[in-house]
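Have a look at start.cif; it's mmCIF, C-alpha atoms:
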```
data_my_file
loop_
_atom_site.group_PDB
_atom_site.id
_atom_site.type_symbol
_atom_site.label_atom_id
_atom_site.label_comp_id
_atom_site.auth_asym_id
_atom_site.auth_seq_id
_atom_site.Cartn_x
_atom_site.Cartn_y
_atom_site.Cartn_z
ATOM 1 C CA MET A 215 0.000 0.000 0.000
ATOM 2 C CA ALA A 216 1.294 3.480 -0.893
ATOM 3 C CA GLU A 217 2.520 5.714 1.913
ATOM 4 C CA ILE A 218 -0.111 8.018 3.413
ATOM 5 C CA LEU A 219 1.020 11.619 3.095
ATOM 6 C CA LEU A 220 -0.024 15.098 4.198
ATOM 7 C CA GLN A 221 -1.570 15.493 0.741
ATOM 8 C CA HIS A 222 -4.006 12.665 1.526
ATOM 9 C CA VAL A 223 -4.994 14.337 4.801
ATOM 10 C CA ARG A 224 -5.610 17.593 2.942
ATOM 11 C CA GLU A 225 -7.736 15.762 0.352
ATOM 12 C CA ALA A 226 -9.725 14.108 3.129
ATOM 13 C CA HIS A 227 -10.309 17.483 4.754
ATOM 14 C CA ALA A 228 -11.636 18.954 1.511
ATOM 15 C CA ARG A 229 -13.921 15.919 1.122
ATOM 16 C CA ILE A 230 -15.459 15.982 4.605
ATOM 17 C CA ARG A 231 -15.362 19.623 5.662
ATOM 18 C CA GLY A 232 -18.992 20.196 4.680
ATOM 19 C CA CYS A 233 -20.343 17.414 6.888
ATOM 20 C CA VAL A 234 -18.215 17.467 10.061
ATOM 21 C CA HIS A 235 -17.630 20.172 12.658
ATOM 22 C CA ARG A 236 -14.474 22.228 12.752
ATOM 23 C CA THR A 237 -14.179 21.706 16.477
ATOM 24 C CA PRO A 238 -12.932 24.475 18.773
ATOM 25 C CA VAL A 239 -9.499 24.739 20.362
ATOM 26 C CA LEU A 240 -9.933 25.683 24.024
ATOM 27 C CA THR A 241 -7.424 26.900 26.588
ATOM 28 C CA SER A 242 -7.359 27.110 30.375
ATOM 29 C CA ARG A 243 -5.120 29.390 32.429
ATOM 30 C CA ARG A 244 -5.621 27.097 35.437
ATOM 31 C CA LEU A 245 -4.520 23.969 33.586
ATOM 32 C CA ASP A 246 -1.547 25.869 32.181
ATOM 33 C CA GLU A 247 -0.516 26.766 35.734
ATOM 34 C CA ILE A 248 -0.862 23.164 36.916
ATOM 35 C CA SER A 249 1.156 21.752 34.019
ATOM 36 C CA GLY A 250 3.728 24.506 33.638
ATOM 37 C CA ALA A 251 3.005 24.482 29.894
ATOM 38 C CA HIS A 252 0.733 26.270 27.436
ATOM 39 C CA LEU A 253 -2.055 23.836 26.556
ATOM 40 C CA PHE A 254 -4.367 23.918 23.537
ATOM 41 C CA PHE A 255 -7.207 21.397 23.619
ATOM 42 C CA LYS A 256 -8.678 20.251 20.282
ATOM 43 C CA CYS A 257 -12.203 19.347 21.388
ATOM 44 C CA GLU A 258 -13.318 16.390 19.298
ATOM 45 C CA ASN A 259 -15.792 15.622 22.083
ATOM 46 C CA PHE A 260 -17.887 18.257 20.281
ATOM 47 C CA GLN A 261 -17.590 16.450 16.942
ATOM 48 C CA LYS A 262 -20.481 14.849 15.020
ATOM 49 C CA THR A 263 -21.400 11.552 16.749
ATOM 50 C CA GLY A 264 -19.386 12.755 19.752
ATOM 51 C CA ALA A 265 -15.907 11.691 18.622
ATOM 52 C CA PHE A 266 -13.145 12.199 16.051
ATOM 53 C CA LYS A 267 -14.253 8.941 14.424
ATOM 54 C CA ALA A 268 -16.763 10.890 12.326
ATOM 55 C CA ARG A 269 -13.847 12.275 10.303
ATOM 56 C CA GLY A 270 -12.471 8.939 9.135
ATOM 57 C CA ALA A 271 -15.892 7.370 8.652
ATOM 58 C CA ALA A 272 -17.074 10.268 6.504
ATOM 59 C CA ASN A 273 -13.886 10.165 4.434
ATOM 60 C CA ALA A 274 -14.188 6.416 3.874
ATOM 61 C CA VAL A 275 -17.882 6.482 2.930
ATOM 62 C CA LEU A 276 -17.562 9.534 0.678
ATOM 63 C CA SER A 277 -14.553 7.921 -1.049
ATOM 64 C CA LEU A 278 -16.598 4.917 -2.199
ATOM 65 C CA GLY A 279 -17.617 4.602 -5.818
ATOM 66 C CA ASP A 280 -21.330 4.259 -6.508
ATOM 67 C CA ASP A 281 -21.104 0.505 -7.112
ATOM 68 C CA GLU A 282 -19.201 -0.007 -3.865
ATOM 69 C CA ALA A 283 -21.560 2.198 -1.895
ATOM 70 C CA ALA A 284 -24.579 0.271 -3.162
ATOM 71 C CA ARG A 285 -23.241 -2.802 -1.316
ATOM 72 C CA GLY A 286 -23.291 -1.002 2.035
ATOM 73 C CA VAL A 287 -20.507 -0.951 4.617
ATOM 74 C CA ALA A 288 -19.493 -3.104 7.560
ATOM 75 C CA THR A 289 -17.060 -2.841 10.456
ATOM 76 C CA HIS A 290 -16.259 -3.970 13.981
ATOM 77 C CA SER A 291 -15.969 -1.501 16.843
ATOM 78 C CA SER A 292 -16.420 -1.046 20.581
ATOM 79 C CA GLY A 293 -18.658 1.916 19.876
ATOM 80 C CA ASN A 294 -17.420 5.247 18.524
ATOM 81 C CA HIS A 295 -16.407 4.012 15.062
ATOM 82 C CA ALA A 296 -19.591 1.941 14.897
ATOM 83 C CA ALA A 297 -21.708 5.021 15.509
ATOM 84 C CA ALA A 298 -19.645 7.167 13.151
ATOM 85 C CA LEU A 299 -19.860 4.675 10.290
ATOM 86 C CA SER A 300 -23.608 4.258 10.842
ATOM 87 C CA TRP A 301 -23.987 8.044 10.713
ATOM 88 C CA ALA A 302 -21.807 8.406 7.599
ATOM 89 C CA ALA A 303 -23.637 5.576 5.828
ATOM 90 C CA GLY A 304 -26.982 7.165 6.646
ATOM 91 C CA MET A 305 -25.729 10.481 5.298
ATOM 92 C CA ARG A 306 -25.056 8.752 1.971
ATOM 93 C CA GLY A 307 -28.232 6.673 2.106
ATOM 94 C CA ILE A 308 -26.585 3.243 2.344
ATOM 95 C CA GLY A 309 -26.711 0.447 4.907
ATOM 96 C CA ALA A 310 -24.195 -0.207 7.698
ATOM 97 C CA THR A 311 -23.683 -3.403 9.694
ATOM 98 C CA VAL A 312 -21.448 -3.179 12.751
ATOM 99 C CA VAL A 313 -20.006 -5.939 14.920
ATOM 100 C CA MET A 314 -19.806 -4.908 18.578
ATOM 101 C CA PRO A 315 -18.610 -6.806 21.662
ATOM 102 C CA ARG A 316 -21.485 -7.914 23.872
ATOM 103 C CA THR A 317 -19.828 -5.921 26.693
ATOM 104 C CA ALA A 318 -20.056 -2.621 24.785
ATOM 105 C CA SER A 319 -21.359 0.435 26.586
ATOM 106 C CA PRO A 320 -25.185 0.697 26.444
ATOM 107 C CA VAL A 321 -24.744 4.377 25.582
ATOM 108 C CA LYS A 322 -22.655 3.483 22.517
ATOM 109 C CA ILE A 323 -25.030 0.698 21.475
ATOM 110 C CA ALA A 324 -27.929 3.164 21.640
ATOM 111 C CA SER A 325 -25.946 5.634 19.544
ATOM 112 C CA VAL A 326 -25.414 3.061 16.761
ATOM 113 C CA GLU A 327 -29.095 2.215 16.770
ATOM 114 C CA ARG A 328 -30.030 5.891 16.661
ATOM 115 C CA TYR A 329 -27.929 6.372 13.511
ATOM 116 C CA GLY A 330 -29.528 3.367 11.831
ATOM 117 C CA GLY A 331 -26.717 0.826 12.069
ATOM 118 C CA LYS A 332 -27.506 -2.888 12.259
ATOM 119 C CA ILE A 333 -25.641 -4.490 15.181
ATOM 120 C CA VAL A 334 -24.175 -7.988 15.322
ATOM 121 C CA PHE A 335 -22.857 -8.845 18.791
ATOM 122 C CA CYS A 336 -19.752 -10.959 19.457
ATOM 123 C CA GLU A 337 -17.452 -12.014 22.270
ATOM 124 C CA PRO A 338 -15.153 -9.229 23.567
ATOM 125 C CA THR A 339 -11.927 -10.359 21.866
ATOM 126 C CA HIS A 340 -10.030 -9.022 18.845
ATOM 127 C CA ARG A 341 -10.325 -12.364 17.064
ATOM 128 C CA ALA A 342 -14.083 -12.638 17.642
ATOM 129 C CA ARG A 343 -14.626 -9.109 16.325
ATOM 130 C CA GLU A 344 -12.577 -9.672 13.185
ATOM 131 C CA GLU A 345 -14.085 -13.084 12.439
ATOM 132 C CA ALA A 346 -17.640 -11.791 12.871
ATOM 133 C CA ALA A 347 -16.956 -8.804 10.623
ATOM 134 C CA ASP A 348 -15.412 -11.057 7.951
ATOM 135 C CA LYS A 349 -18.531 -13.234 8.074
ATOM 136 C CA VAL A 350 -20.778 -10.195 7.582
ATOM 137 C CA VAL A 351 -18.718 -9.131 4.560
ATOM 138 C CA ARG A 352 -18.864 -12.627 3.028
ATOM 139 C CA GLU A 353 -22.599 -12.953 3.542
ATOM 140 C CA THR A 354 -23.681 -9.443 2.532
ATOM 141 C CA GLY A 355 -21.007 -8.238 0.121
ATOM 142 C CA ALA A 356 -20.617 -5.075 2.195
ATOM 143 C CA VAL A 357 -17.410 -3.044 1.974
ATOM 144 C CA LEU A 358 -15.284 -3.454 5.105
ATOM 145 C CA VAL A 359 -14.263 -0.149 6.660
ATOM 146 C CA HIS A 360 -11.756 -1.118 9.337
ATOM 147 C CA PRO A 361 -11.943 1.085 12.438
ATOM 148 C CA TYR A 362 -8.290 2.148 12.224
ATOM 149 C CA ASN A 363 -6.138 0.007 9.899
ATOM 150 C CA ASP A 364 -7.401 1.725 6.741
ATOM 151 C CA ALA A 365 -5.741 4.530 4.771
ATOM 152 C CA ARG A 366 -9.055 6.388 4.378
ATOM 153 C CA ILE A 367 -9.664 6.271 8.129
ATOM 154 C CA ILE A 368 -6.118 7.391 8.930
ATOM 155 C CA ALA A 369 -6.278 10.337 6.514
ATOM 156 C CA GLY A 370 -9.660 11.383 7.891
ATOM 157 C CA ALA A 371 -8.461 11.156 11.479
ATOM 158 C CA GLY A 372 -5.477 13.324 10.596
ATOM 159 C CA THR A 373 -7.763 16.235 9.731
ATOM 160 C CA ALA A 374 -8.181 17.005 13.455
ATOM 161 C CA ALA A 375 -4.453 17.715 13.794
ATOM 162 C CA LEU A 376 -4.499 19.574 10.473
ATOM 163 C CA GLU A 377 -7.105 21.977 11.866
ATOM 164 C CA LEU A 378 -5.313 22.238 15.215
ATOM 165 C CA LEU A 379 -2.078 23.313 13.545
ATOM 166 C CA GLU A 380 -3.904 25.726 11.264
ATOM 167 C CA ASP A 381 -5.382 27.375 14.372
ATOM 168 C CA VAL A 382 -2.209 27.126 16.510
ATOM 169 C CA PRO A 383 0.712 26.790 14.059
ATOM 170 C CA ASP A 384 3.578 27.186 16.547
ATOM 171 C CA LEU A 385 3.024 24.108 18.710
ATOM 172 C CA ASP A 386 6.074 22.336 20.118
ATOM 173 C CA MET A 387 4.303 19.027 20.633
ATOM 174 C CA VAL A 388 0.963 17.347 20.065
ATOM 175 C CA ILE A 389 -0.480 14.536 22.178
ATOM 176 C CA CYS A 390 -3.369 12.218 21.366
ATOM 177 C CA PRO A 391 -4.601 8.862 22.681
ATOM 178 C CA VAL A 392 -3.671 5.571 21.025
ATOM 179 C CA GLY A 393 -5.641 2.350 20.734
ATOM 180 C CA GLY A 394 -5.573 0.826 17.273
ATOM 181 C CA GLY A 395 -3.507 3.778 16.083
ATOM 182 C CA GLY A 396 -5.751 5.459 13.512
ATOM 183 C CA LEU A 397 -5.813 8.822 15.276
ATOM 184 C CA LEU A 398 -2.144 8.695 16.276
ATOM 185 C CA SER A 399 -0.913 7.777 12.805
ATOM 186 C CA GLY A 400 -3.137 10.395 11.146
ATOM 187 C CA THR A 401 -2.021 13.000 13.684
ATOM 188 C CA ALA A 402 1.634 12.137 13.084
ATOM 189 C CA ILE A 403 1.310 12.406 9.298
ATOM 190 C CA ALA A 404 -0.417 15.784 9.516
ATOM 191 C CA ALA A 405 1.751 17.239 12.287
ATOM 192 C CA LYS A 406 5.131 16.136 10.927
ATOM 193 C CA GLY A 407 4.074 17.151 7.427
ATOM 194 C CA LEU A 408 3.193 20.664 8.546
ATOM 195 C CA ARG A 409 5.877 21.113 11.208
ATOM 196 C CA PRO A 410 8.725 18.569 10.895
ATOM 197 C CA ALA A 411 10.333 19.507 14.225
ATOM 198 C CA ILE A 412 7.166 18.987 16.273
ATOM 199 C CA ARG A 413 7.138 16.144 18.794
ATOM 200 C CA VAL A 414 4.266 13.712 18.274
ATOM 201 C CA LEU A 415 3.318 11.857 21.455
ATOM 202 C CA ALA A 416 0.543 9.601 22.702
ATOM 203 C CA GLY A 417 -1.110 8.490 25.900
ATOM 204 C CA GLU A 418 -2.118 4.847 26.336
ATOM 205 C CA PRO A 419 -3.893 2.945 29.136
ATOM 206 C CA LYS A 420 -1.490 0.859 31.215
ATOM 207 C CA GLY A 421 -3.820 -2.128 30.972
ATOM 208 C CA ALA A 422 -3.825 -2.063 27.161
ATOM 209 C CA ALA A 423 -0.296 -0.908 26.403
ATOM 210 C CA ASP A 424 0.411 -2.831 23.200
ATOM 211 C CA ALA A 425 1.346 0.265 21.167
ATOM 212 C CA SER A 426 4.047 1.403 23.589
ATOM 213 C CA ALA A 427 5.403 -2.146 23.929
ATOM 214 C CA SER A 428 5.397 -2.517 20.152
ATOM 215 C CA LEU A 429 7.216 0.772 19.625
ATOM 216 C CA LYS A 430 9.938 -0.281 22.075
ATOM 217 C CA ALA A 431 10.273 -3.791 20.602
ATOM 218 C CA GLY A 432 10.178 -2.746 16.958
ATOM 219 C CA VAL A 433 7.475 -5.335 16.200
ATOM 220 C CA ARG A 434 3.817 -5.491 17.156
ATOM 221 C CA GLN A 435 3.314 -6.885 20.650
ATOM 222 C CA PRO A 436 -0.291 -7.848 21.487
ATOM 223 C CA VAL A 437 -1.700 -7.656 25.012
ATOM 224 C CA GLU A 438 -3.460 -10.942 25.761
ATOM 225 C CA LYS A 439 -6.387 -9.525 27.741
ATOM 226 C CA PRO A 440 -6.454 -5.722 27.475
ATOM 227 C CA SER A 441 -8.461 -3.998 30.183
ATOM 228 C CA SER A 442 -9.090 -0.336 30.971
ATOM 229 C CA VAL A 443 -11.808 2.143 31.833
ATOM 230 C CA ALA A 444 -10.823 3.680 28.455
ATOM 231 C CA ASP A 445 -12.859 1.115 26.516
ATOM 232 C CA GLY A 446 -12.259 2.813 23.165
ATOM 233 C CA LEU A 447 -8.511 2.096 23.380
ATOM 234 C CA LEU A 448 -8.501 -1.689 23.807
ATOM 235 C CA ALA A 449 -7.791 -2.467 20.132
ATOM 236 C CA PHE A 450 -4.500 -4.016 18.988
ATOM 237 C CA VAL A 451 -2.409 -1.567 16.967
ATOM 238 C CA GLY A 452 -2.680 -2.343 13.244
ATOM 239 C CA ASP A 453 0.147 -3.169 10.852
ATOM 240 C CA LEU A 454 -0.604 -0.111 8.712
ATOM 241 C CA THR A 455 -0.892 2.254 11.675
ATOM 242 C CA PHE A 456 2.169 0.768 13.393
ATOM 243 C CA ALA A 457 4.327 1.436 10.348
ATOM 244 C CA VAL A 458 3.396 5.124 10.552
ATOM 245 C CA ILE A 459 3.895 5.194 14.320
ATOM 246 C CA GLN A 460 7.387 3.707 13.949
ATOM 247 C CA ARG A 461 8.277 6.330 11.358
ATOM 248 C CA HIS A 462 6.836 9.461 12.958
ATOM 249 C CA VAL A 463 5.934 9.077 16.658
ATOM 250 C CA ASP A 464 8.455 10.219 19.265
ATOM 251 C CA ALA A 465 7.102 8.527 22.403
ATOM 252 C CA ILE A 466 4.085 6.852 23.993
ATOM 253 C CA GLY A 467 3.391 7.237 27.719
ATOM 254 C CA THR A 468 1.230 4.796 29.632
ATOM 255 C CA VAL A 469 -1.147 5.787 32.441
ATOM 256 C CA PRO A 470 -3.217 3.798 34.958
ATOM 257 C CA ASP A 471 -6.987 4.020 35.076
ATOM 258 C CA ALA A 472 -6.871 6.143 38.237
ATOM 259 C CA ALA A 473 -4.902 8.822 36.373
ATOM 260 C CA ILE A 474 -7.325 8.677 33.436
ATOM 261 C CA MET A 475 -10.290 9.248 35.733
ATOM 262 C CA ALA A 476 -8.480 12.054 37.550
ATOM 263 C CA ALA A 477 -7.843 13.748 34.193
ATOM 264 C CA LEU A 478 -11.479 13.301 33.150
ATOM 265 C CA ARG A 479 -12.672 14.879 36.403
ATOM 266 C CA ARG A 480 -10.217 17.789 36.157
ATOM 267 C CA LEU A 481 -11.309 18.580 32.596
ATOM 268 C CA PHE A 482 -14.913 18.626 33.762
ATOM 269 C CA GLU A 483 -14.304 20.622 36.928
ATOM 270 C CA VAL A 484 -11.982 23.229 35.399
ATOM 271 C CA MET A 485 -13.076 23.468 31.758
ATOM 272 C CA LYS A 486 -16.696 22.324 32.235
ATOM 273 C CA ILE A 487 -16.492 19.847 29.359
ATOM 274 C CA ALA A 488 -17.508 16.185 29.307
ATOM 275 C CA VAL A 489 -14.817 13.870 27.943
ATOM 276 C CA GLU A 490 -14.992 10.068 27.914
ATOM 277 C CA PRO A 491 -12.099 8.131 29.516
ATOM 278 C CA SER A 492 -10.491 7.357 26.132
ATOM 279 C CA GLY A 493 -10.634 11.046 25.285
ATOM 280 C CA ALA A 494 -8.915 12.043 28.534
ATOM 281 C CA VAL A 495 -5.889 9.739 28.141
ATOM 282 C CA ALA A 496 -3.709 12.238 26.283
ATOM 283 C CA TYR A 497 -4.178 14.854 28.999
ATOM 284 C CA ALA A 498 -3.670 12.183 31.666
ATOM 285 C CA ALA A 499 -0.261 11.326 30.194
ATOM 286 C CA LEU A 500 0.761 14.993 30.351
ATOM 287 C CA ALA A 501 -0.645 15.471 33.865
ATOM 288 C CA GLU A 502 1.237 12.381 35.077
ATOM 289 C CA GLY A 503 4.538 13.808 33.815
ATOM 290 C CA ARG A 504 5.106 11.220 31.095
ATOM 291 C CA PHE A 505 6.520 13.934 28.815
ATOM 292 C CA ASP A 506 8.745 16.963 29.426
ATOM 293 C CA ALA A 507 6.375 19.789 28.534
ATOM 294 C CA ALA A 508 7.615 22.565 30.832
ATOM 295 C CA GLY A 509 7.328 25.926 29.114
ATOM 296 C CA ARG A 510 6.228 24.360 25.829
ATOM 297 C CA ARG A 511 3.172 24.922 23.653
ATOM 298 C CA VAL A 512 1.260 21.645 23.649
ATOM 299 C CA GLY A 513 -1.688 20.575 21.528
ATOM 300 C CA ILE A 514 -3.877 17.908 23.140
ATOM 301 C CA ILE A 515 -6.575 16.071 21.208
ATOM 302 C CA LEU A 516 -9.598 15.243 23.357
ATOM 303 C CA SER A 517 -10.802 12.466 21.095
ATOM 304 C CA GLY A 518 -14.367 11.917 22.268
ATOM 305 C CA GLY A 519 -17.132 12.751 24.700
ATOM 306 C CA ASN A 520 -19.449 9.727 24.637
ATOM 307 C CA LEU A 521 -19.428 9.329 28.385
ATOM 308 C CA ASP A 522 -21.463 6.536 29.960
ATOM 309 C CA LEU A 523 -22.135 8.240 33.300
ATOM 310 C CA GLU A 524 -23.547 5.187 35.093
ATOM 311 C CA ARG A 525 -20.788 2.829 34.005
ATOM 312 C CA THR A 526 -17.889 5.266 34.340
ATOM 313 C CA LEU A 527 -18.783 7.311 37.392
ATOM 314 C CA GLY A 528 -21.078 4.886 39.210
#
```

Rendering of file as C-alpha cells:
Amino acid sequence: MAEILLQHVREAHARIRGCVHRTPVLTSRRLDEISGAHLFFKCENFQKTGAFKARGAANAVLSLGDDEAARGVATHSSGNHAAALSWAAGMRGIGATVVMPRTASPVKIASVERYGGKIVFCEPTHRAREEAADKVVRETGAVLVHPYNDARIIAGAGTAALELLEDVPDLDMVICPVGGGGLLSGTAIAAKGLRPAIRVLAGEPKGAADASASLKAGVRQPVEKPSSVADGLLAFVGDLTFAVIQRHVDAIGTVPDAAIMAALRRLFEVMKIAVEPSGAVAYAALAEGRFDAAGRRVGIILSGGNLDLERTLG
C-alpha cells in the first residue's frame, strides 16, 4: 500500500469539511498553571457523533464509488467508530452493519441504533470481532471499513491535527490517545508534514499498552487480555498504523486508570467539558509527567465525549 502523506490528509479534509464540525481549540489558564506548559485542547468531544471517528468514517464512505456504496458498509468496533460509520452511511443513504462486543457500553449501542446501524454482537476479543466482521462481509457483500487500519480512516483522522495546527501553528508538541492507532498515525502524518520539528506523542492505558510495547520492541506486541476504563482504546495496533507510528511518533506514555479518571474529572471541573475516559488519556499522560512539557506549547486532542455516566462514574 502506498505511503499516506499530508496530501491525503488535505484531500480528506476537503472531502469531509462540509459534513463534520471544525471543532474548537480551548485553553485554560488554570490547567496551564498546573502543568507549567501552554495547553491547547482540540475538542473532538464536540464532533459529530461525539468523537473524532466521524472524520475517518465520513472520508471512507464519501470515497466509495457508486457501485461499492450500493453494497453497504461493515465494520467492527467497541462503539465510537460503529456510531460514526452508521452516521456516515446514513448520510449517503446506504446500509451499515457493525459488529460490537457484547460488553459494549449501552450508551454506545444506543448511539449506533439511533444512527440506523444494524448491530451484530460478538465475544469481547479481537479475534471474535474480526471473524464476525469477515462473516458479515462474506454474507452481505458489504465493503469493510476497518476502524483504524485503513488509509481512508487514517487520513480522515489526521484532519483534526491539520485543523489544530492551522489554528495554533507554533506548537512544540501534540499529544493524542492511542488504541488501534488510527488517530495517532493520522495525527503524526499531519503534524510532521506541517511542522517537521514537532514532537508527536501519545497516551495509552497501562492495561492495554500494546502500542508502547510494540514501539519499544520494533514489532507489534499484542496484550493478551487488554483492560481499561478507556474502553475505546482496547484495540491491537494495526500493521498499517504501526508502520506510521514507527516512522513518525516520538514517544508513547502509559497511564493507569486512576490517572485517566483524575484527568477526566479535572477537565470537567476546570473546563466544564464532558470527555470520555479514552478522550482524557492524552491529557492524563501529560498530567502524570510522562513527557517533558515545561514551558512548551502543547496541543492535546480530546478524542471523544461519549461518556457513559452510570458505568464510568457509578

>> I want to know what sits within 8 Å of Ala402 of chain A, based on only C-alpha atoms, with residues of the same chain fewer than 3 positions away left out; could you give that as a ChimeraX atom specification?
In response: /A:372,398-399,405-407,414,458-459,462-463

Considering all atoms listed in the file, return as a PDB file with C-alpha atoms, keeping the file's coordinate frame whatever protein or nucleic-acid residues lie within 7 Å of Gly393 of chain A, sequence-local ones (same chain, fewer than 4 positions apart) excluded.
```pdb
ATOM      1  CA  LEU A 447      -8.511   2.096  23.380  1.00  0.00           C
ATOM      2  CA  LEU A 448      -8.501  -1.689  23.807  1.00  0.00           C
ATOM      3  CA  ALA A 449      -7.791  -2.467  20.132  1.00  0.00           C
ATOM      4  CA  PHE A 450      -4.500  -4.016  18.988  1.00  0.00           C
ATOM      5  CA  VAL A 451      -2.409  -1.567  16.967  1.00  0.00           C
TER       6      VAL A 451
END
```

Using 10 Å as the limit and counting all atoms listed in the file, can you tabulate each residue of segment 324-350 of chain A that touches segment 248-266 of chain A, with its shortest atom-to-atom distance in Å and the two atoms involved, as a tab-separated table?
```
residue	atom	partner	partner_atom	distance
A:Ser325	CA	A:Thr263	CA	8.0
A:Val326	CA	A:Thr263	CA	9.4
A:Tyr329	CA	A:Thr263	CA	8.9
```

>> Please list as a VMD selection string every residue within 10 Å of Ala318 of chain A, counting only C-alpha atoms and excluding residues in the same chain fewer than 5 positions away.
In response: chain A and resid 291 to 293 323 335 to 336 338 445 to 446

> Could you name the residues that touch Arg366 of chain A at 7 Å or less, counting only C-alpha atoms, but leaving out those on the same chain fewer than 5 positions away, as an MDAnalysis selection string?
Replying inline: chainID A and resid 270 273:274

> Counting all atoms listed in the file, which of A:Leu385, A:Ile218, A:Leu240, A:Ala297 gets nearest to Ala457 of chain A?
Replying inline: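 For Ala457 of chain A, the nearest of the candidates is A:Ile218.
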
>> Given the PyMOL selection byres ((chain A and resi 340) around 12) and the file above, list the residues it selects as a PyMOL selection string.
In response: chain A and resi 290-292+313-315+336-339+341-347+394+436-440+448-452

Just C-alpha atoms for this one: save the residues we selected as a compact mmCIF listing (two decimals), in the coordinates of the input.
```txt
# COMPACT_ATOMS: atom_id res chain seq x y z
CA HIS A 290 -16.26 -3.97 13.98
CA SER A 291 -15.97 -1.50 16.84
CA SER A 292 -16.42 -1.05 20.58
CA VAL A 313 -20.01 -5.94 14.92
CA MET A 314 -19.81 -4.91 18.58
CA PRO A 315 -18.61 -6.81 21.66
CA CYS A 336 -19.75 -10.96 19.46
CA GLU A 337 -17.45 -12.01 22.27
CA PRO A 338 -15.15 -9.23 23.57
CA THR A 339 -11.93 -10.36 21.87
CA ARG A 341 -10.32 -12.36 17.06
CA ALA A 342 -14.08 -12.64 17.64
CA ARG A 343 -14.63 -9.11 16.32
CA GLU A 344 -12.58 -9.67 13.18
CA GLU A 345 -14.08 -13.08 12.44
CA ALA A 346 -17.64 -11.79 12.87
CA ALA A 347 -16.96 -8.80 10.62
CA GLY A 394 -5.57 0.83 17.27
CA PRO A 436 -0.29 -7.85 21.49
CA VAL A 437 -1.70 -7.66 25.01
CA GLU A 438 -3.46 -10.94 25.76
CA LYS A 439 -6.39 -9.52 27.74
CA PRO A 440 -6.45 -5.72 27.48
CA LEU A 448 -8.50 -1.69 23.81
CA ALA A 449 -7.79 -2.47 20.13
CA PHE A 450 -4.50 -4.02 18.99
CA VAL A 451 -2.41 -1.57 16.97
CA GLY A 452 -2.68 -2.34 13.24
```

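With distances taken over all atoms listed in the file, A:Asp246 is the one residue among A:Arg285, A:Asp246, A:Asp364, A:Arg306 lying closest to Tyr497 of chain A.
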
>> So the first atom is atom CA of Gly331 of chain A and the second is atom CA of Ala303 of chain A; what is the distance between them in Å, to one decimal place?
In response: 8.4 Å

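For Ile368 of chain A, the residues within 6 Å (counting only C-alpha atoms, excluding itself and residues fewer than 3 positions away along the chain) are Ala365, Ala371, Gly396 and Gly400 of chain A.
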
>> (-15.5, 16.8, -0.5) in this file's frame - what residues fall within 12 Å of it? Use all atoms listed in the file and give the answer as a PyMOL selection string.
In response: chain A and resi 224-234+269+272-277+370

> To one decimal place, how far is atom CA of Ser441 of chain A from atom CA of Ile474 of chain A in Å?
Replying inline: 13.1 Å

> How far is it from atom CA of Pro419 of chain A to atom CA of Ala477 of chain A, in Å with one decimal?
Replying inline: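 Straight-line distance from atom CA of Pro419 of chain A to atom CA of Ala477 of chain A works out to 12.6 Å.
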
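Closest approach to Leu454 of chain A among A:Arg511, A:Arg409, A:His360, A:Lys486 is made by A:His360 (distances from all atoms listed in the file).
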
> Given the choices A:Glu377, A:Asp386, A:Asp453, A:Glu502, which gets closest to Thr237 of chain A if the distance is worked out from only C-alpha atoms?
Replying inline: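 So, comparing all the options, the nearest one is A:Glu377.
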
>> Could you tell me, as a PyMOL selection string, exactly which residues end up selected when the PyMOL selection byres ((chain A and resi 468) around 12) is applied to this structure?
In response: chain A and resi 391-393+415-427+442+447+465-467+469-474+495-505

Write out N, CA and C atoms for segment 473-483 of chain A, as a short mmCIF file (atom, residue, chain, number, x, y, z; two decimals), keeping the file's coordinate frame.
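Once everything was written out, this is result-v1.cif:
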```cif
data_model
loop_
_atom_site.label_atom_id
_atom_site.label_comp_id
_atom_site.auth_asym_id
_atom_site.auth_seq_id
_atom_site.Cartn_x
_atom_site.Cartn_y
_atom_site.Cartn_z
N ALA A 473 -5.37 7.56 36.95
CA ALA A 473 -4.90 8.82 36.37
C ALA A 473 -5.84 9.28 35.26
N ILE A 474 -6.38 8.34 34.50
CA ILE A 474 -7.32 8.68 33.44
C ILE A 474 -8.58 9.31 34.03
N MET A 475 -9.08 8.71 35.11
CA MET A 475 -10.29 9.25 35.73
C MET A 475 -10.02 10.59 36.40
N ALA A 476 -8.83 10.76 36.96
CA ALA A 476 -8.48 12.05 37.55
C ALA A 476 -8.42 13.14 36.48
N ALA A 477 -7.90 12.79 35.30
CA ALA A 477 -7.84 13.75 34.19
C ALA A 477 -9.24 14.10 33.71
N LEU A 478 -10.10 13.08 33.58
CA LEU A 478 -11.48 13.30 33.15
C LEU A 478 -12.18 14.27 34.10
N ARG A 479 -12.02 14.02 35.40
CA ARG A 479 -12.67 14.88 36.40
C ARG A 479 -12.11 16.31 36.36
N ARG A 480 -10.80 16.44 36.19
CA ARG A 480 -10.22 17.79 36.16
C ARG A 480 -10.70 18.57 34.93
N LEU A 481 -10.80 17.91 33.80
CA LEU A 481 -11.31 18.58 32.60
C LEU A 481 -12.74 19.05 32.80
N PHE A 482 -13.52 18.23 33.49
CA PHE A 482 -14.91 18.63 33.76
C PHE A 482 -14.97 19.76 34.78
N GLU A 483 -14.23 19.63 35.85
CA GLU A 483 -14.30 20.62 36.93
C GLU A 483 -13.73 21.98 36.52
#
```
